[in-house]
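start.txt (compact mmCIF, C-alpha atoms and all ligand atoms) appears below.
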```
# COMPACT_ATOMS: atom_id res chain seq x y z
CA MET A 371 100.38 133.40 65.26
CA LEU A 372 102.58 130.54 64.06
CA ASN A 373 105.33 132.96 63.10
CA THR A 374 105.18 134.54 66.56
CA VAL A 375 105.51 131.12 68.20
CA LYS A 376 108.37 130.19 65.87
CA LYS A 377 110.22 133.44 66.64
CA LEU A 378 109.76 132.98 70.39
CA LEU A 379 111.01 129.39 70.22
CA ALA A 380 113.93 130.26 67.93
CA ALA A 381 115.09 132.76 70.54
CA GLU A 382 115.13 129.82 72.99
CA GLY A 383 117.30 127.67 70.69
CA ILE A 384 114.37 125.62 69.33
CA ARG A 385 114.05 125.54 65.56
CA LEU A 386 111.93 122.49 64.76
CA VAL A 387 108.37 123.76 65.11
CA ALA A 388 105.23 122.64 63.23
CA PRO A 389 101.46 122.74 63.78
CA ILE A 390 98.97 119.91 63.62
CA SER A 391 95.21 120.15 64.01
CA LEU A 392 93.92 118.62 67.24
CA ALA A 393 91.46 116.76 65.01
CA ASP A 394 94.46 114.90 63.50
CA CYS A 395 95.93 114.01 66.90
CA THR A 396 95.23 111.00 69.08
CA ILE A 397 93.72 112.51 72.21
CA GLN A 398 94.99 110.44 75.13
CA LYS A 399 94.13 112.65 78.07
CA PRO A 400 91.07 114.75 77.18
CA TYR A 401 90.82 116.06 80.75
CA LEU A 402 93.99 118.08 80.17
CA LEU A 403 92.31 119.88 77.25
CA ASN A 404 89.15 120.38 79.31
CA ARG A 405 91.21 121.86 82.11
CA ALA A 406 92.74 124.33 79.61
CA GLY A 407 89.27 125.19 78.27
CA ILE A 408 90.25 124.02 74.79
CA THR A 409 87.90 121.73 72.85
CA HIS A 410 89.32 122.13 69.35
CA GLY A 411 92.16 123.95 67.62
CA THR A 412 95.85 123.32 66.99
CA ALA A 413 98.84 121.74 68.69
CA ILE A 414 102.09 123.51 67.78
CA LEU A 415 104.67 120.76 68.21
CA PHE A 416 108.34 121.48 68.79
CA ALA A 417 111.46 119.36 69.27
CA VAL A 418 113.97 120.51 71.90
CA PRO A 419 117.56 119.31 71.31
CA TYR A 420 119.29 118.23 74.51
CA TYR A 421 122.53 116.56 73.40
CA THR A 422 125.42 118.83 74.41
CA THR A 423 129.18 118.59 73.90
CA HIS A 424 129.33 117.28 77.50
CA CYS A 425 127.69 114.11 76.20
CA ASP A 426 130.82 113.43 74.12
CA ASP A 427 132.85 113.07 77.34
CA SER A 428 134.49 109.64 77.04
CA ALA A 429 134.05 109.22 80.82
CA ARG A 430 130.26 109.70 80.57
CA ASN A 431 128.59 106.93 82.56
CA ILE A 432 124.91 107.88 82.22
CA SER A 433 122.54 108.23 79.29
CA ALA A 434 122.74 111.53 77.40
CA TYR A 435 119.20 112.50 78.42
CA ALA A 436 120.21 112.30 82.09
CA VAL A 437 123.40 114.38 81.78
CA SER A 438 121.62 117.72 82.18
CA ALA A 439 118.96 118.66 84.73
CA ASP A 440 115.52 117.11 84.23
CA TYR A 441 113.84 118.49 81.12
CA HIS A 442 110.56 119.03 82.94
CA GLY A 443 112.26 121.97 84.68
CA PHE A 444 113.21 123.42 81.30
CA PHE A 445 109.69 123.15 79.91
CA ALA A 446 108.07 124.59 83.04
CA ALA A 447 110.28 127.70 82.81
CA LEU A 448 109.84 127.89 79.02
CA PHE A 449 106.05 127.88 79.26
CA ASP A 450 106.20 130.43 82.09
CA ARG A 451 108.09 132.74 79.71
CA LEU A 452 106.15 132.10 76.49
CA LEU A 453 102.50 131.62 77.43
CA PRO A 454 102.00 135.09 78.98
CA VAL A 455 103.51 136.65 75.84
CA LEU A 456 101.14 134.69 73.60
CA ARG A 457 98.11 135.44 75.78
CA ALA A 458 98.93 139.14 75.64
CA ALA A 459 99.49 139.10 71.86
CA PHE A 460 96.36 137.04 71.08
CA PRO A 461 93.89 137.78 73.89
CA GLN A 462 90.98 136.22 72.00
CA HIS A 463 92.64 132.78 72.17
CA ARG A 464 93.55 130.24 74.83
CA PHE A 465 97.00 128.67 75.16
CA ALA A 466 98.41 125.81 77.21
CA GLY A 467 101.83 124.15 77.20
CA PHE A 468 102.58 120.45 77.62
CA THR A 469 105.40 117.97 77.58
CA ASP A 470 105.33 114.29 78.44
CA HIS A 471 102.13 114.63 80.51
CA SER A 472 100.20 115.69 77.44
CA PRO A 473 96.63 115.44 76.16
CA ILE A 474 97.91 114.09 72.82
CA ALA A 475 100.15 111.25 71.64
CA GLU A 476 103.19 113.48 71.16
CA ALA A 477 105.50 111.42 68.95
CA GLU A 478 102.70 110.51 66.55
CA ALA A 479 101.58 114.17 66.44
CA ALA A 480 105.16 115.30 65.77
CA VAL A 481 105.42 112.92 62.81
CA ARG A 482 102.00 113.99 61.53
CA ALA A 483 103.13 117.61 61.85
CA GLY A 484 106.17 116.83 59.69
CA LEU A 485 108.86 117.35 62.33
CA GLY A 486 110.41 113.92 61.87
CA PHE A 487 109.74 110.22 61.60
CA PHE A 488 109.68 106.99 63.58
CA GLY A 489 112.84 104.91 63.85
CA CYS A 490 113.10 101.14 64.00
CA ASN A 491 114.31 101.67 67.57
CA HIS A 492 110.74 102.87 68.30
CA LEU A 493 111.98 106.42 68.92
CA PHE A 494 110.96 109.67 67.30
CA LEU A 495 113.80 110.97 65.11
CA THR A 496 114.54 114.25 63.44
CA LYS A 497 117.05 114.75 60.64
CA GLU A 498 118.69 117.63 62.52
CA HIS A 499 118.99 116.29 66.09
CA SER A 500 118.29 112.59 65.52
CA SER A 501 116.45 111.08 68.50
CA PHE A 502 118.12 113.35 71.07
CA VAL A 503 115.10 115.61 71.46
CA PHE A 504 112.36 116.21 73.97
CA LEU A 505 108.95 116.95 72.51
CA GLY A 506 106.68 119.69 73.71
CA GLU A 507 103.61 121.46 72.38
CA ILE A 508 101.68 124.66 72.74
CA VAL A 509 97.99 123.90 72.34
CA THR A 510 95.64 126.69 71.31
CA ASP A 511 92.00 127.00 70.33
CA ALA A 512 93.10 128.97 67.24
CA ILE A 513 92.64 127.10 63.97
CA LEU A 514 95.93 127.29 62.05
CA PRO A 515 96.61 125.87 58.58
CA ALA A 516 98.19 122.47 59.32
CA PRO A 517 97.92 119.89 56.55
CA PRO A 518 98.78 116.52 58.14
CA HIS A 519 101.81 114.59 56.90
CA ALA A 520 101.83 110.84 56.34
CA ILE A 521 103.38 108.69 59.07
CA THR A 522 106.92 107.95 57.91
CA THR A 523 109.68 105.68 59.19
CA CYS A 524 113.48 105.59 59.01
CA PRO A 525 115.40 103.81 56.22
CA GLY A 526 115.57 100.63 58.34
CA CYS A 527 119.33 100.04 58.14
CA ASN A 528 119.28 97.86 61.29
CA ALA A 529 122.38 99.52 62.81
CA CYS A 530 120.38 100.09 66.01
CA ARG A 531 119.40 96.43 66.27
CA ASP A 532 122.96 95.30 65.56
CA ALA A 533 124.26 97.62 68.30
CA CYS A 534 121.83 96.40 70.95
CA PRO A 535 123.48 94.01 73.41
CA VAL A 536 120.23 92.86 74.99
CA ALA A 537 119.78 89.62 73.06
CA LEU A 538 123.25 88.55 74.15
CA GLU A 539 123.03 89.46 77.81
CA VAL A 540 119.60 89.81 79.41
CA SER A 541 116.03 89.66 78.26
CA ARG A 542 115.18 93.29 78.92
CA CYS A 543 116.41 96.65 77.65
CA LEU A 544 119.46 97.68 79.67
CA SER A 545 117.99 101.12 80.16
CA ALA A 546 115.09 99.52 82.05
CA LEU A 547 117.50 97.33 83.97
CA THR A 548 119.45 100.35 85.29
CA GLN A 549 116.14 101.74 86.56
CA LYS A 550 115.03 98.57 88.35
CA LYS A 551 114.60 99.16 92.06
CA GLY A 552 115.82 96.82 94.77
CA THR A 553 118.32 94.01 94.40
CA LEU A 554 119.61 92.82 91.04
CA THR A 555 120.13 89.16 90.24
CA GLU A 556 123.68 88.04 89.56
CA ALA A 557 122.95 87.88 85.82
CA GLU A 558 121.56 91.42 85.94
CA GLU A 559 124.61 92.68 87.86
CA ASP A 560 126.88 91.07 85.26
CA ALA A 561 124.89 92.69 82.46
CA LEU A 562 125.09 96.09 84.12
CA ILE A 563 128.85 95.76 84.67
CA ALA A 564 129.39 94.67 81.06
CA HIS A 565 127.20 97.59 79.96
CA GLY A 566 129.37 100.03 81.97
CA ILE A 567 126.62 102.66 82.26
CA ALA A 568 124.97 103.51 85.56
CA TRP A 569 121.77 104.95 84.08
CA GLY A 570 120.05 104.37 80.75
CA CYS A 571 121.55 103.19 77.48
CA ASP A 572 122.13 105.11 74.26
CA ARG A 573 123.78 102.47 72.11
CA CYS A 574 120.95 102.08 69.60
CA GLN A 575 120.73 105.86 69.25
CA GLU A 576 124.49 106.44 69.03
CA LYS A 577 125.00 103.92 66.23
CA CYS A 578 122.13 105.25 64.13
CA PRO A 579 123.49 106.82 60.91
CA ILE A 580 121.09 109.72 61.41
CA THR A 581 122.82 110.49 64.71
CA LEU A 582 126.26 110.14 63.14
CA ALA A 583 125.30 112.48 60.28
CA ALA A 584 123.81 115.05 62.67
CA LYS A 585 126.95 114.91 64.79
CA LYS A 586 129.15 115.44 61.74
CA ALA A 587 126.99 118.35 60.59
CA GLY A 588 127.01 119.82 64.10
CA THR A 589 123.22 120.05 64.26
CA LEU A 590 123.06 117.37 66.95
CA TYR A 591 124.29 119.77 69.60
CA SER A 592 121.95 121.83 71.75
CA THR A 593 122.82 125.48 72.26
CA ILE A 594 120.23 125.81 75.02
CA PRO A 595 121.87 127.10 78.23
CA TYR A 596 119.65 124.97 80.50
CA PHE A 597 121.12 121.76 79.06
CA ASN A 598 124.68 123.05 78.72
CA ASP A 599 124.95 124.75 82.10
CA THR A 600 123.57 121.89 84.22
CA ALA A 601 125.52 119.04 82.62
CA ILE A 602 127.22 116.40 84.78
CA SER A 603 128.48 113.68 82.45
CA HIS A 604 130.33 111.46 84.93
CA LEU A 605 128.76 110.41 88.21
CA THR A 606 130.42 108.89 91.24
CA ALA A 607 128.67 107.26 94.18
CA ALA A 608 130.28 109.80 96.51
CA GLY A 609 129.12 112.69 94.33
CA VAL A 610 125.52 111.48 94.17
CA ALA A 611 125.46 110.72 97.91
CA ALA A 612 126.66 114.28 98.61
CA MET A 613 124.01 115.98 96.43
CA SER A 614 121.45 118.00 98.36
CA ASP A 615 117.87 116.68 98.16
CA GLU A 616 117.00 119.66 95.96
CA ASP A 617 119.88 119.09 93.53
CA PHE A 618 119.16 115.37 93.38
CA ALA A 619 115.44 115.93 92.73
CA ALA A 620 116.36 118.05 89.67
CA ARG A 621 118.03 115.05 88.00
CA ALA A 622 116.28 112.58 85.70
CA TYR A 623 117.69 109.62 87.66
CA SER A 624 116.02 110.79 90.88
CA TRP A 625 112.63 109.30 90.03
CA ARG A 626 113.69 105.81 91.13
CA GLY A 627 115.17 107.11 94.37
CA ARG A 628 118.78 107.77 95.34
CA GLU A 629 119.47 104.14 96.27
CA THR A 630 118.89 102.88 92.71
CA ILE A 631 121.51 105.05 91.01
CA LEU A 632 123.87 104.61 93.99
CA ARG A 633 123.54 100.81 93.74
CA ASN A 634 124.52 100.97 90.05
CA LEU A 635 127.43 103.33 90.63
CA ARG A 636 128.78 101.26 93.53
CA LEU A 637 128.56 98.15 91.40
CA LEU A 638 130.57 99.76 88.59
CA GLU A 639 133.08 101.27 91.04
CA ARG A 640 133.59 97.88 92.79
CA LYS A 641 134.34 96.37 89.41
CA GLU A 642 136.81 99.17 88.55
CA LYS A 643 138.66 98.69 91.86
CA SER A 644 138.95 94.96 91.37
CA GLU A 645 140.61 95.38 87.96
S1 LIG A 701 118.63 101.30 74.92
FE1 LIG A 701 120.37 99.84 74.79
S2 LIG A 701 119.58 97.87 75.53
FE2 LIG A 701 117.81 99.19 75.12
S3 LIG A 701 117.19 98.73 73.01
FE3 LIG A 701 118.68 100.43 72.86
S4 LIG A 701 120.72 99.48 72.63
FE4 LIG A 701 119.27 97.89 73.33
S1 LIG A 702 119.88 102.77 63.09
FE1 LIG A 702 118.92 102.56 61.05
S2 LIG A 702 117.12 101.26 61.45
FE2 LIG A 702 117.77 102.07 63.44
S3 LIG A 702 116.59 103.96 63.77
FE3 LIG A 702 118.52 104.57 62.80
S4 LIG A 702 118.08 104.58 60.58
FE4 LIG A 702 116.45 103.41 61.58
```
Would you put the structure from the file into structure tokens?
Amino acid sequence: MLNTVKKLLAAEGIRLVAPISLADCTIQKPYLLNRAGITHGTAILFAVPYYTTHCDDSARNISAYAVSADYHGFFAALFDRLLPVLRAAFPQHRFAGFTDHSPIAEAEAAVRAGLGFFGCNHLFLTKEHSSFVFLGEIVTDAILPAPPHAITTCPGCNACRDACPVALEVSRCLSALTQKKGTLTEAEEDALIAHGIAWGCDRCQEKCPITLAAKKAGTLYSTIPYFNDTAISHLTAAGVAAMSDEDFAARAYSWRGRETILRNLRLLERKEKSE
């Protein structure tokens, strides 16, 4: 079964796949397992690379994860394709697919499955794609061999901490600041302008030597059409204002409402005009 899942995922551009027993996972939302009719079995974890060459655009003004359409759309379509194939191939077993809204603690399960490790920036990292991955899992009631790995961490070089401007500017992560709704204080506006990014922040990830090595090796880049074909690396206020409701809803920055990203873009554009 694992080989079948691996082959199906490889055909989708996903190569980091590993199983972990549900007994070795932290179950956070048991009702999701109950709903799937699964009480025990295996979670087959996989890491989906999303960083595309569009993210190298020097004019990019949003976080890499927000460049392409929202990953939830990718996973929904992926599970729609894969789960019927698995159910047909293994009719004696149950299957369910999850990402983000998951019954298990995903990052911990991915480390325990041996897919990667925890970084000092509190992110899940893989050697191949660094932290630029979305985690997903296919949960099944089949018991697969899955010896758990020890929890491991990165080498702790501190490049991520050195790259983080937060201590110098504001008391909260700039990524959170760009997602704050409503009016920003003057200090927050100054921090956002100095940051120069309208949504999110990747500095700690970009400076990580694991990212730099993956970029050099070429493994950082996603070949998945969903992420490549939907990329918009540079936003303008006019462009976001003109997006249809449907197009806007498909973007990661839509969850805080159109006014939040527009406020940030207008702030950055006002600054550009005044220079
Ligand atoms: S995302 Fe940016 S502000 Fe937040 S911890 Fe990383 S470098 Fe610091
Ligand atoms: S920059 Fe260094 S300390 Fe930070 S996550 Fe990467 S390897 Fe770990």
Take every atom of ligand LIG 701 (chain A) listed in the file, pad by 4 Å on each side, and give me the axis-aligned box centre and edge lengths in Å, one decimal, as lines of an AutoDock Vina configuration file.
```
center_x = 119.0
center_y = 99.6
center_z = 74.1
size_x = 11.5
size_y = 11.4
size_z = 10.9
```
List every residue of region 516-586 of chain A that has an atom at most 9 Å from any atom of region 430-444 of chain A, and for each one report the closest atom pair and its distance in Å to one decimal, counting only C-alpha atoms, with rows sorted by chain and then by increasing residue number, as JSON lines.
```
{"residue": "A:Ser545", "atom": "CA", "partner": "A:Ser433", "partner_atom": "CA", "distance": 8.5}
{"residue": "A:Gly566", "atom": "CA", "partner": "A:Asn431", "partner_atom": "CA", "distance": 7.0}
{"residue": "A:Ile567", "atom": "CA", "partner": "A:Asn431", "partner_atom": "CA", "distance": 4.7}
{"residue": "A:Ala568", "atom": "CA", "partner": "A:Ile432", "partner_atom": "CA", "distance": 5.5}
{"residue": "A:Trp569", "atom": "CA", "partner": "A:Ile432", "partner_atom": "CA", "distance": 4.7}
{"residue": "A:Gly570", "atom": "CA", "partner": "A:Ser433", "partner_atom": "CA", "distance": 4.8}
{"residue": "A:Cys571", "atom": "CA", "partner": "A:Ser433", "partner_atom": "CA", "distance": 5.4}
{"residue": "A:Asp572", "atom": "CA", "partner": "A:Ser433", "partner_atom": "CA", "distance": 5.9}
```
Take the residues just selected and output them with C-alpha atoms as a PDB file, keeping the file's coordinate frame.
```pdb
ATOM      1  CA  SER A 545     117.990 101.120  80.160  1.00  0.00           C
ATOM      2  CA  GLY A 566     129.370 100.030  81.970  1.00  0.00           C
ATOM      3  CA  ILE A 567     126.620 102.660  82.260  1.00  0.00           C
ATOM      4  CA  ALA A 568     124.970 103.510  85.560  1.00  0.00           C
ATOM      5  CA  TRP A 569     121.770 104.950  84.080  1.00  0.00           C
ATOM      6  CA  GLY A 570     120.050 104.370  80.750  1.00  0.00           C
ATOM      7  CA  CYS A 571     121.550 103.190  77.480  1.00  0.00           C
ATOM      8  CA  ASP A 572     122.130 105.110  74.260  1.00  0.00           C
TER       9      ASP A 572
END
```
* All residues having an atom within 6 Å of ligand LIG 701 (chain A) (all atoms listed in the file) as a ChimeraX atom specification -> /A:533-536,543-545,571-574
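Here the question is which of A:Pro454, A:Pro389, A:Pro473, A:Gly486 gets nearest to His499 (chain A) using only C-alpha atoms, and that residue is A:Gly486.
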* Contacts to ligand LIG 702 (chain A) at 10 Å cut-off (only C-alpha atoms and all ligand atoms) as number ranges by chain -> A: 487-495, 500-501, 523-533, 573-582
* Of the residues A:Lys585, A:His604, A:Arg464, A:Lys550, which is the one nearest to Ala413 (chain A), using only C-alpha atoms? -> A:Arg464
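Of note, CA of Ile513 (chain A) and CA of Met371 (chain A) are spaced 10.1 Å apart.
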* Enter the distance from CA of Ala475 (chain A) to CA of Val509 (chain A), in Å, rounded to one decimal. =>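 About the pair CA of Ala475 (chain A) and CA of Val509 (chain A): they are 12.9 Å apart.
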* Asked: In Å, with one decimal, what is the gap from CA of Leu453 (chain A) to CA of Leu378 (chain A)?
  -> 10.2 Å
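Comparing A:Thr600, A:Gln398, A:Thr412, A:Thr555 by their smallest distance to Arg621 (chain A), the closest is A:Thr600 (using only C-alpha atoms).
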* Please provide the set of residues having any atom within 10 Å of Arg633 (chain A), restricted to all atoms listed in the file, with same-chain residues fewer than 6 positions apart removed, written as number ranges by chain. => A: 548, 551-554, 568, 607, 639
File dump, residues just selected, C-alpha atoms, as a PDB file, in the coordinates of the input:
```pdb
ATOM      1  CA  THR A 548     119.450 100.350  85.290  1.00  0.00           C
ATOM      2  CA  LYS A 551     114.600  99.160  92.060  1.00  0.00           C
ATOM      3  CA  GLY A 552     115.820  96.820  94.770  1.00  0.00           C
ATOM      4  CA  THR A 553     118.320  94.010  94.400  1.00  0.00           C
ATOM      5  CA  LEU A 554     119.610  92.820  91.040  1.00  0.00           C
ATOM      6  CA  ALA A 568     124.970 103.510  85.560  1.00  0.00           C
ATOM      7  CA  ALA A 607     128.670 107.260  94.180  1.00  0.00           C
ATOM      8  CA  GLU A 639     133.080 101.270  91.040  1.00  0.00           C
TER       9      GLU A 639
END
```
* Identify which of the residues A:Leu635, A:Ala447, A:Ala458, A:Ile594 lies closest to Gly383 (chain A), counting only C-alpha atoms when measuring atom-to-atom distances. =>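 Distance minimum relative to Gly383 (chain A) lands on A:Ile594.
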* Sel. within 10 Å of pt (93.4, 117.8, 77.7), counting only C-alpha atoms, output as a list of chain:residue names ->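 Those residues lying close to the given coordinates are A:Ile397, A:Gln398, A:Lys399, A:Pro400, A:Tyr401, A:Leu402, A:Leu403, A:Asn404, A:Arg405, A:Ala406, A:Gly407, A:Ile408, A:Thr409, A:Ala466, A:Phe468, A:His471, A:Ser472, A:Pro473, A:Ile474, A:Val509.
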Would you tabulate, counting all atoms listed in the file, all residues of region 415-476 of chain A that have an atom at most 10 Å from an atom of region 373-377 of chain A, showing the closest pair of atoms and their distance in Å to one decimal, sorted by chain then ascending number, as a Markdown table?
```
| residue | atom | partner | partner_atom | distance |
| --- | --- | --- | --- | --- |
| A:Phe416 | CA | A:Lys376 | CA | 9.2 |
| A:Leu452 | CA | A:Val375 | CA | 8.4 |
| A:Leu453 | CA | A:Val375 | CA | 9.7 |
| A:Val455 | CA | A:Val375 | CA | 9.6 |
| A:Leu456 | CA | A:Val375 | CA | 7.8 |
| A:Ala459 | CA | A:Thr374 | CA | 9.0 |
```
* With all atoms listed in the file as the atoms that count, which of A:Gly484, A:His410, A:Ala512, A:Ile521 lies nearest to Leu372 (chain A)? ->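 Looking only at the distances to Leu372 (chain A), the closest residue turns out to be A:Ala512.
Each of A:Met613, A:Ala601, A:Ala561, A:Ala483 was compared to His424 (chain A) using all atoms listed in the file, and A:Ala601 turns out to be the nearest.
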* **Shell around Tyr420 (chain A) at 8 Å using all atoms listed in the file, local window under 2 positions removed, as a ChimeraX atom specification** => /A:418,422,435,502-504,591-592,594,597
